$ cat start17.txt   # compact mmCIF, C-alpha atoms
# COMPACT_ATOMS: atom_id res chain seq x y z
CA MET E 1 186.72 166.39 24.06
CA ASN E 2 183.45 164.96 22.81
CA ARG E 3 182.44 164.18 19.21
CA ALA E 4 180.77 167.56 18.61
CA GLN E 5 183.91 169.37 19.74
CA LYS E 6 186.17 167.21 17.55
CA ILE E 7 183.97 167.81 14.49
CA SER E 8 183.73 171.54 15.22
CA LEU E 9 187.50 171.87 15.66
CA THR E 10 188.12 170.03 12.38
CA LEU E 11 185.62 172.22 10.52
CA VAL E 12 187.01 175.45 11.99
CA ILE E 13 190.58 174.48 11.01
CA THR E 14 189.73 173.31 7.49
CA PHE E 15 187.37 176.22 6.79
CA SER E 16 189.96 178.72 8.07
CA LEU E 17 192.62 177.21 5.80
CA GLY E 18 190.16 177.21 2.89
CA LEU E 19 189.29 180.84 3.59
CA LEU E 20 192.97 181.85 3.71
CA LEU E 21 193.64 180.07 0.42
CA GLY E 22 190.53 181.67 -1.09
CA ILE E 23 191.79 185.13 -0.10
CA ALA E 24 195.21 184.21 -1.54
CA ALA E 25 193.50 183.19 -4.81
CA ILE E 26 191.66 186.53 -4.98
CA VAL E 27 194.91 188.41 -4.41
CA MET E 28 196.69 186.25 -7.02
CA ARG E 29 193.95 186.99 -9.54
CA ARG E 30 193.91 190.70 -8.73
CA PHE E 31 197.65 191.08 -9.25
CA ASP E 32 197.84 188.45 -11.97
CA VAL E 33 200.43 186.24 -10.26
CA GLY E 34 200.59 182.46 -10.31
CA VAL E 35 197.78 180.10 -11.25
CA TRP E 36 194.91 181.44 -9.17
CA LYS E 37 192.49 178.70 -10.25
CA VAL E 38 194.74 176.09 -8.60
CA ALA E 39 194.56 178.08 -5.35
CA VAL E 40 190.75 178.17 -5.62
CA ALA E 41 190.64 174.41 -6.21
CA PHE E 42 192.86 173.80 -3.18
CA ALA E 43 190.74 176.18 -1.07
CA VAL E 44 187.52 174.33 -1.93
CA ALA E 45 189.17 170.92 -1.44
CA ILE E 46 190.60 171.81 1.97
CA ALA E 47 187.36 173.44 3.14
CA GLY E 48 185.37 170.45 1.93
CA SER E 49 187.73 167.93 3.52
CA GLY E 50 186.49 168.92 7.01
CA GLY E 51 183.13 167.28 6.41
CA ILE E 52 184.68 164.11 4.98
CA ILE E 53 187.15 163.80 7.88
CA SER E 54 184.30 164.28 10.38
CA LEU E 55 182.16 161.68 8.63
CA PHE E 56 184.77 158.91 8.54
CA PHE E 57 187.04 159.53 11.53
CA PHE E 58 184.78 160.73 14.35
CA ARG E 59 182.50 157.87 15.20
CA LYS E 60 179.84 158.16 17.88
CA ASP E 61 181.13 158.17 21.48
CA LYS E 62 180.93 154.80 23.18
CA ASP E 63 180.04 156.16 26.65
CA ALA E 64 176.65 155.25 28.07
CA ILE E 65 175.58 158.90 28.11
CA THR E 66 176.81 160.97 25.21
CA HIS E 67 174.28 163.79 25.13
CA ASP E 68 172.56 165.70 27.92
CA GLU E 69 170.72 168.96 28.64
CA ARG E 70 173.90 171.06 28.46
CA ASP E 71 174.80 169.63 25.04
CA LYS E 72 171.27 170.37 23.82
CA LEU E 73 171.53 173.97 25.04
CA ILE E 74 174.93 174.41 23.40
CA GLU E 75 173.57 172.94 20.16
CA LYS E 76 170.56 175.26 20.25
CA ASN E 77 172.74 178.34 20.78
CA ALA E 78 175.12 177.18 18.05
CA HIS E 79 172.23 176.83 15.60
CA LEU E 80 171.16 180.38 16.47
CA ALA E 81 174.71 181.63 15.90
CA GLY E 82 174.81 179.81 12.54
CA PHE E 83 171.48 181.31 11.52
CA GLY E 84 172.66 184.79 12.55
CA ALA E 85 175.88 184.38 10.58
CA VAL E 86 173.98 183.35 7.43
CA TYR E 87 171.63 186.30 7.87
CA LEU E 88 174.62 188.67 8.03
CA TYR E 89 176.22 186.86 5.08
CA VAL E 90 173.07 187.36 2.96
CA ILE E 91 172.96 191.07 3.85
CA LEU E 92 176.66 191.42 3.02
CA MET E 93 176.36 189.54 -0.25
CA SER E 94 173.34 191.62 -1.25
CA PHE E 95 175.13 194.93 -0.88
CA LEU E 96 178.82 194.10 -1.39
CA PRO E 97 178.63 193.73 -5.21
CA ILE E 98 176.99 197.18 -5.46
CA GLY E 99 179.74 198.66 -3.32
CA ILE E 100 182.59 196.96 -5.17
CA LEU E 101 181.36 196.83 -8.77
CA GLY E 102 179.11 199.89 -8.81
CA GLU E 103 175.41 200.39 -9.49
CA GLU E 104 175.64 199.95 -13.25
CA ALA E 105 177.57 196.65 -13.17
CA SER E 106 176.13 193.20 -13.73
CA ILE E 107 177.17 189.84 -12.29
CA PRO E 108 176.98 186.42 -13.97
CA VAL E 109 174.08 184.22 -12.85
CA THR E 110 176.58 181.38 -12.28
CA TRP E 111 177.56 183.22 -9.07
CA CYS E 112 174.23 182.38 -7.47
CA PRO E 113 174.94 178.69 -6.67
CA GLY E 114 178.34 179.80 -5.37
CA LEU E 115 176.64 182.19 -2.96
CA LEU E 116 174.46 179.34 -1.72
CA ILE E 117 177.50 177.13 -1.11
CA GLY E 118 179.15 180.08 0.64
CA ALA E 119 176.12 180.41 2.91
CA GLY E 120 176.44 176.73 3.81
CA PHE E 121 180.11 177.13 4.70
CA CYS E 122 179.33 180.31 6.65
CA GLN E 123 176.63 178.55 8.66
CA ALA E 124 178.82 175.53 9.44
CA PHE E 125 181.78 177.73 10.38
CA ALA E 126 179.76 179.95 12.74
CA GLN E 127 178.05 176.93 14.29
CA SER E 128 181.34 175.11 14.85
CA LEU E 129 182.95 178.20 16.33
CA ALA E 130 179.97 178.73 18.66
CA ILE E 131 180.19 175.09 19.83
CA LEU E 132 183.91 175.41 20.59
CA ILE E 133 183.46 178.71 22.43
CA GLN E 134 180.59 177.40 24.54
CA TYR E 135 182.33 174.19 25.56
CA GLY E 136 185.39 176.27 26.37
CA ARG E 137 188.86 175.05 27.10
CA GLY E 138 189.87 172.50 29.71
CA GLY E 139 186.57 170.65 29.76
CA GLU E 140 188.27 167.42 30.76
CA ARG E 141 190.02 168.70 33.88
CA GLY E 142 189.36 167.26 37.28
CA LYS E 143 188.45 163.80 38.47
CA MET N 15 170.73 194.13 37.03
CA ALA N 16 172.51 192.34 39.85
CA ASN N 17 175.27 189.84 39.13
CA SER N 18 174.32 186.48 40.49
CA GLU N 19 176.21 183.28 41.05
CA LEU N 20 175.12 179.77 41.75
CA LYS N 21 177.57 178.22 44.18
CA ASN N 22 177.69 174.51 44.81
CA GLN N 23 179.13 171.96 47.20
CA ILE N 24 179.29 169.06 44.76
CA ARG N 25 183.04 168.54 45.06
CA ARG N 26 182.88 168.33 48.87
CA LEU N 27 179.79 166.11 48.75
CA ARG N 28 181.47 163.73 46.31
CA PHE N 29 184.39 163.27 48.64
CA ASP N 30 182.10 162.90 51.64
CA ASN N 31 180.30 160.12 49.76
CA GLY N 32 183.15 157.67 49.47
CA GLU N 33 185.27 159.81 47.15
CA MET N 34 182.79 159.43 44.34
CA THR N 35 184.32 160.29 40.96
CA GLN N 36 182.80 162.78 38.55
CA GLN N 37 182.10 159.92 36.14
CA GLN N 38 180.23 157.96 38.81
CA LEU N 39 178.11 160.99 39.67
CA ALA N 40 177.50 161.69 35.99
CA ASP N 41 176.32 158.12 35.42
CA LYS N 42 174.01 158.27 38.44
CA VAL N 43 172.29 161.51 37.41
CA GLY N 44 172.30 160.75 33.68
CA VAL N 45 174.61 163.40 32.25
CA THR N 46 178.10 163.48 30.78
CA ARG N 47 181.23 163.98 32.88
CA GLN N 48 181.84 167.27 31.08
CA THR N 49 178.55 168.60 32.43
CA ILE N 50 179.47 167.64 36.01
CA ILE N 51 182.82 169.42 35.53
CA ALA N 52 181.04 172.53 34.22
CA ILE N 53 178.53 172.52 37.11
CA GLU N 54 181.27 172.05 39.72
CA ALA N 55 183.25 174.92 38.22
CA GLY N 56 180.16 177.13 38.28
CA LYS N 57 180.24 177.51 34.50
CA TYR N 58 176.85 175.90 33.95
CA ALA N 59 173.66 176.27 35.96
CA PRO N 60 171.82 172.92 35.84
CA SER N 61 168.11 172.59 35.22
CA LEU N 62 165.89 172.13 38.27
CA PRO N 63 165.26 168.40 37.61
CA LEU N 64 169.02 167.78 37.29
CA ALA N 65 169.72 169.77 40.46
CA PHE N 66 167.17 167.61 42.30
CA ARG N 67 168.71 164.41 40.90
CA ILE N 68 172.15 165.50 42.13
CA ALA N 69 170.77 166.34 45.59
CA ARG N 70 168.94 163.01 45.71
CA THR N 71 172.14 161.15 44.82
CA PHE N 72 173.82 162.63 47.89
CA SER N 73 170.64 162.20 49.99
CA VAL N 74 170.64 165.85 50.99
CA PRO N 75 168.25 168.77 50.41
CA ILE N 76 168.86 170.80 47.28
CA GLU N 77 169.89 173.84 49.39
CA THR N 78 172.84 171.85 50.70
CA VAL N 79 174.14 171.29 47.18
CA PHE N 80 173.35 174.65 45.60
CA HIS N 81 173.01 178.14 46.96
CA TYR N 82 172.43 181.38 45.20
CA GLU N 83 174.68 184.37 45.81
CA ASP N 84 173.84 187.90 44.82
CA THR N 85 177.32 189.37 44.38
CA ASP N 86 176.10 192.96 43.93
CA ALA N 87 174.25 192.96 47.21
CA GLY N 88 177.44 191.76 48.93
CA ALA N 89 175.51 189.30 51.05
CA SER N 90 175.07 185.62 50.44
CA ARG N 91 171.69 184.00 50.81
CA GLN N 92 171.81 180.46 51.98
$ encode --input "start17.txt" --output "structure tokens"
Amino acid sequence: MNRAQKISLTLVITFSLGLLLGIAAIVMRRFDVGVWKVAVAFAVAIAGSGGIISLFFFRKDKDAITHDERDKLIEKNAHLAGFGAVYLYVILMSFLPIGILGEEASIPVTWCPGLLIGAGFCQAFAQSLAILIQYGRGGERGK
Amino acid sequence: MANSELKNQIRRLRFDNGEMTQQQLADKVGVTRQTIIAIEAGKYAPSLPLAFRIARTFSVPIETVFHYEDTDAGASRQ
């Protein structure tokens, strides 16, 4: 497993956990159970921890050749997947409030930076997932 | 559109060349071992320059290392 795969796996795991906790927080708020703000804080902390873990624990590979044409192609496709995911996210976030809250409703402007952060997470998640899928399993088999 | 497959003889050629390891071949052609594994398994079609470098490493023509098979046609072209 190379560095890109390790980082991607970490991000996918932490983002998935963060997403699950985020959904739990929404459910807690909806049904008024527990302290939903604590769940939100944990969700953001766990999702954010992926980047910190990647930064400090996954140093550059020491092999002579760490990056080649296949890695570049995988990276390019992953960037495209990330861009596509953000595009879908923007479409969804543009229409979802109308569908949920109705045409006459209004949303606080403080949501806007949150949507931007969400787009960042969405891009990183889709990119990481695309990297893992393209490298596939069992990449280290054989001698 | 026809399904096509790029078959290769890298594994056999490595063993014919003093049981060369995937890492040794990777170092010689300037790619990672993961890429050699993917090419051998037919999961990745290398670029033309890389294919030539691999063939040159084994001192054989490129057709000896790679051959294209059109699976829909049912006949292999070598």
$ residues_around --input "start17.txt" --residues "range 41-48 of chain E" --least-positions-apart "6" --cutoff "12 Å" --atoms "all atoms listed in the file" --output "VMD selection string"
chain E and resid 10 to 26 35 54 to 55 114 117 to 118 120 to 122 124 to 125
$ residues_around --input "start17.txt" --residues "range 29-39 of chain N" --least-positions-apart "5" --cutoff "9 Å" --atoms "all atoms listed in the file" --output "VMD selection string"
(chain E and resid 142 to 143) or (chain N and resid 24 44 to 48 50 to 51 68 71 to 72)
$ atom_distance --input "start17.txt" --atom1 "CA of Asp84 in chain N" --atom2 "CA of Tyr58 in chain N"
16.5 Å
$ closest_residue --input "start17.txt" --among "E:Gln134, E:Asn77, E:Ser106, E:Ser94" --to "chain N" --atoms "only C-alpha atoms"
E:Gln134
$ closest_residue --input "start17.txt" --among "N:Ala40, N:Val79, N:Leu20, N:Leu27" --to "chain E" --atoms "all atoms listed in the file"
N:Ala40
$ closest_residue --input "start17.txt" --among "E:Ser128, E:Gly99, E:His67, E:Lys76" --to "chain N" --atoms "only C-alpha atoms"
E:His67
$ atom_distance --input "start17.txt" --atom1 "CA of Ala55 in chain N" --atom2 "CA of Arg59 in chain E"
28.7 Å
$ atom_distance --input "start17.txt" --atom1 "CA of Ile76 in chain N" --atom2 "CA of Ile65 in chain E"
23.5 Å
$ closest_residue --input "start17.txt" --among "N:Leu62, N:Arg67, N:Lys57, N:Lys21" --to "Gly136 in chain E" --atoms "all atoms listed in the file"
N:Lys57
$ closest_residue --input "start17.txt" --among "E:Asp68, E:Gly102, E:Arg3, E:Pro113" --to "chain N" --atoms "only C-alpha atoms"
E:Asp68
$ closest_residue --input "start17.txt" --among "E:Leu88, E:Gly82, E:Ile107, E:Glu69" --to "chain N" --atoms "all atoms listed in the file"
E:Glu69
$ axis_aligned_box --input "start17.txt" --around "range 78-96 of chain E" --padding-each-side "6 Å" --output "lines of an AutoDock Vina configuration file"
center_x = 175.0
center_y = 185.9
center_z = 8.3
size_x = 19.7
size_y = 30.1
size_z = 31.4
$ residues_near_point --input "start17.txt" --point "(176.0, 183.0, 8.9)" --cutoff "7 Å" --atoms "all atoms listed in the file" --output "PDB file with C-alpha atoms, in the frame of the given file"
ATOM      1  CA  GLY E  82     174.810 179.810  12.540  1.00  0.00           C
ATOM      2  CA  PHE E  83     171.480 181.310  11.520  1.00  0.00           C
ATOM      3  CA  GLY E  84     172.660 184.790  12.550  1.00  0.00           C
ATOM      4  CA  ALA E  85     175.880 184.380  10.580  1.00  0.00           C
ATOM      5  CA  VAL E  86     173.980 183.350   7.430  1.00  0.00           C
ATOM      6  CA  TYR E  87     171.630 186.300   7.870  1.00  0.00           C
ATOM      7  CA  LEU E  88     174.620 188.670   8.030  1.00  0.00           C
ATOM      8  CA  TYR E  89     176.220 186.860   5.080  1.00  0.00           C
ATOM      9  CA  ALA E 119     176.120 180.410   2.910  1.00  0.00           C
ATOM     10  CA  CYS E 122     179.330 180.310   6.650  1.00  0.00           C
ATOM     11  CA  GLN E 123     176.630 178.550   8.660  1.00  0.00           C
ATOM     12  CA  ALA E 126     179.760 179.950  12.740  1.00  0.00           C
TER      13      ALA E 126
END
